[in-house]
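Asks: The structure under discussion is supplied below as C-alpha cells; questions concerning it will follow.
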Amino acid sequence: MINKKEGKRFLLVYGAAVTLGFCFITGYVFDGLDGITYAGLKKSPPDNDWYLAYNYTGTLDHGVIYWNIGSSIKNLEKADVVILGNSRVLIGFDWHTLEVFGKKHGIRFFNLGFGWSEPYIYPMMILERYNIHPKIVIISADTGFGRFFTDKLSPTAKRTIKDGKIKTAMSYFSRSVSWRYLLLRSTYLPDRLNKILPDLPVDVDDDYRTFYRSRVSGGWYLGLIPATNKPINNPSEFDCAPTDEELAHADKLLAQLNQMGATPLLTITPYTQSCLAGAELVAERMKSRFIKIESKGYNTWDGDHMTPESARRFTEEFLRQFERSDLFLNLVGAKN
C-alpha cells in the first residue's frame with residue numbers, strides 16, 4: 001500500500017516527466033513561449049533561436065510577430081536597422097552574413113519582411129503598435145510582381161488581426177505541436193511502425209516548403225532550401241514603373257518613418273521580375289539613398305527567391321555598399 005509521502009513523490013516525478021515530455025514535443029518553455037532545441041529531428045533548425053514560420057498548414061510568423069508571441073518583439077526593439085519587404089527579403093538577406101557584419105560593427109539588424117507579398121502597411125503597423133524606433137529602415141522597393149507600396153493587406157494579415165492574440169496563439173501552439181509530432185515520427189520511428197499508425201499528412205523528407213524564423217534576427221533559416229539553380233533572366237521590357245497610387249503610398253511611408261526618427265535606405269532584391277528602374281524612381285520620390293545591385297549573376301531556386309549561395313553574395317555586396325555610405329558612418333559613429 002502506498003503511503004501519502006510516497007504518493008506525493010510519485011506525483012512529483014510523474015508531473016516532472018510529463019512536463020519535460022510536453023516541452024520536448026512542443027518546443028515550449030515557460031519563458032515567453034520560446035522554443036527548446038529540436039534534438040536532431042529531421043527538417044529542423046540548428047538551435048532554439050528558431051520557430052516554425054511556414055509549413056504545409058500555412059503561415060505562422062504573421063501572427064507570432066504581430067501578437068508578440070515569444071521574444072521576437074523584444075529583439076526587434078533592440079534593432080538599429082530594420083528590413084522591410086516580402087518573402088524575397090526574408091530569403092535574400094542572409095541572416096548569418098548580417099549577424100557577422102553586425103557583431104563586427106556593434107549594430108543589430110532585424111528582418112521584418114513577410115510572405116504573401118505583404119505590403120508596407122503591415123510591418124509599419126507592428127513598428128507603431130510596439131513603439132519601435134529603428135535608426136535605419138532598409139526597404140526592398142518592389143514595383144513589379146508583388147507590389148510593396150499599397151494598403152491592401154494580404155488575406156493572411158487580415159485573418160491574423162481579426163483572430164486576436166488568444167486564437168492566434170492557440171493556432172500557433174497546436175500547429176507547432178503537430179509539426180513536432182510529424183518530425184518525431186519521421187525521425188525516430190521505424191518504417192514498419194509508421195505503417196500501422198495513421199498516415200502522415202505530408203512526407204517530411206520530400207517537403208521543401210518548410211521555413212523557420214529566427215526570434216533574434218527575424219530572418220528565415222535557409223538550410224532546407226532545395227539545391228537547385230535557376231539563373232535570373234529579367235525580361236527586357238515589362239510594366240513595373242510605380243503608379244501614382246504607389247508613389248502616394250511611398251510618401252505616406254516616408255512620413256511615418258520621419259515621425260519615428262528612421263532614415264529609409266532603398267534597394268531591391270534580385271528575382272525574375274525585379275525592376276531596378278522602378279525602385280530607383282521610388283527612392284528618388286522618397287529622397288532616399290539607393291543601393292543598386294544588378295540581378296545578373298544571381299540564381300533562384302524557384303524563379304522568385306534566391307538560392308542560399310546567391311543570398312549570401314547579394315547580402316555581402318549590399319553590405320559593402322552600405323558600409324561606404326554616410327548612413328552607416330553616422331550610425332556607427334553615434335553608437336561609439
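Residues are named by chain letter and number: chains run A, B, ... in the order of the C-alpha cells, numbers start at 1 in each chain, and ligands are numbered from 1 in the order shown.
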Find the residues around A:Ile232 up to 12 Å (only C-alpha atoms counted), leave out those fewer than 3 positions away in its own chain, and share them as JSON, numbers by chain.
Replies: {"A": [229, 235, 269, 270, 271, 272, 273, 274, 294, 295, 296, 297, 298, 299, 300, 301, 302, 303, 304, 305, 306, 307, 310]}
Asks: Run DSSP on the backbone and tell me which residues of stretch 65-272 of chain A come out as alpha helix (DSSP H); list them as a ChimeraX atom specification.
Replies: /A:65-66,72-77,87-92,95-105,121-129,155-188,191-196,244-259
Asks: Show which residues sit within 10 Å of A:Ala53, as a list in words. Count only C-alpha atoms, and ignore same-chain residues fewer than 3 positions away.
Replies: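 Listed by chain and then number, they are Trp50, Gly58, Thr59, Leu60, Asp61, His62, Gly63, Val64, Gly115, Tyr172, Ser176, Thr210, Phe211, Tyr212, Arg213, Ser214, Trp220 and Tyr221 of chain A.
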Asks: Which is closest to A:Tyr51 among A:Ser154, A:Asn330, A:Ser217, A:Thr97, if we use only C-alpha atoms?
Replies: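 Of all the options, A:Ser217 lies closest to A:Tyr51.
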Asks: Just give me the gap between atom CA of A:Thr150 and atom CA of A:Tyr122 in Å, one decimal is fine.
Replies: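 Going from atom CA of A:Thr150 over to atom CA of A:Tyr122 covers 10.2 Å.
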Asks: Could you please determine the separation between atom CA of A:Ala262 and atom CA of A:Ile138 in Å, to one decimal place?
Replies: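 It comes out at 9.9 Å.
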Asks: Can you tell me how far atom CA of A:Trp116 sits from atom CA of A:Ile225, in Å to one decimal?
Replies: 17.8 Å
Asks: Can you list every residue in stretch 103-231 of chain A that DSSP puts in strand (DSSP E or B), as a VMD selection string?
Replies: chain A and resid 109 to 111 136 to 140 211 to 214 220 230 to 231
Asks: Go through A:Leu329, A:Ile65, A:Arg88, A:Asp94 one by one, measure the shortest atom-to-atom distance of each to A:Arg313 using only C-alpha atoms, and give the residue with the smallest value.
Replies: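 Smallest separation from A:Arg313 among the options: A:Asp94.
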Asks: A:Ser87, A:Val216, A:Tyr56, A:Arg129: which is nearest A:Phe110, counting only C-alpha atoms?
Replies: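 Nearest to A:Phe110: A:Val216.
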Asks: Of the candidates A:Asn55, A:Thr315, A:Ser178, A:Asn131, which one gets nearest to A:Gln259 if we count only C-alpha atoms?
Replies: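 Result for the nearest residue to A:Gln259: A:Asn131.
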Asks: Could you check the closest approach to A:Pro134 for each of A:Thr243, A:Thr263, A:Lys104, A:Leu183 and tell me which residue wins, using only C-alpha atoms?
Replies: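 Closest residue, counting only C-alpha atoms: A:Thr263.
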Asks: Got a sec: who's within 8 Å of A:Arg215, counting only C-alpha atoms, leaving out chain neighbours fewer than 3 positions off, as a list in words?
Replies: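 Residues meeting the cut-off are Asp49, Trp50, Tyr51, Gly70, Ser71, Ser72, Asn75 and Gly218 of chain A.
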Asks: Name the closest residue to A:His249 among the candidates A:Thr187, A:Ser44, A:Thr168, A:Thr143; distances are taken between atoms, counting only C-alpha atoms.
Replies: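 That would be A:Thr143, the residue with the smallest distance to A:His249.
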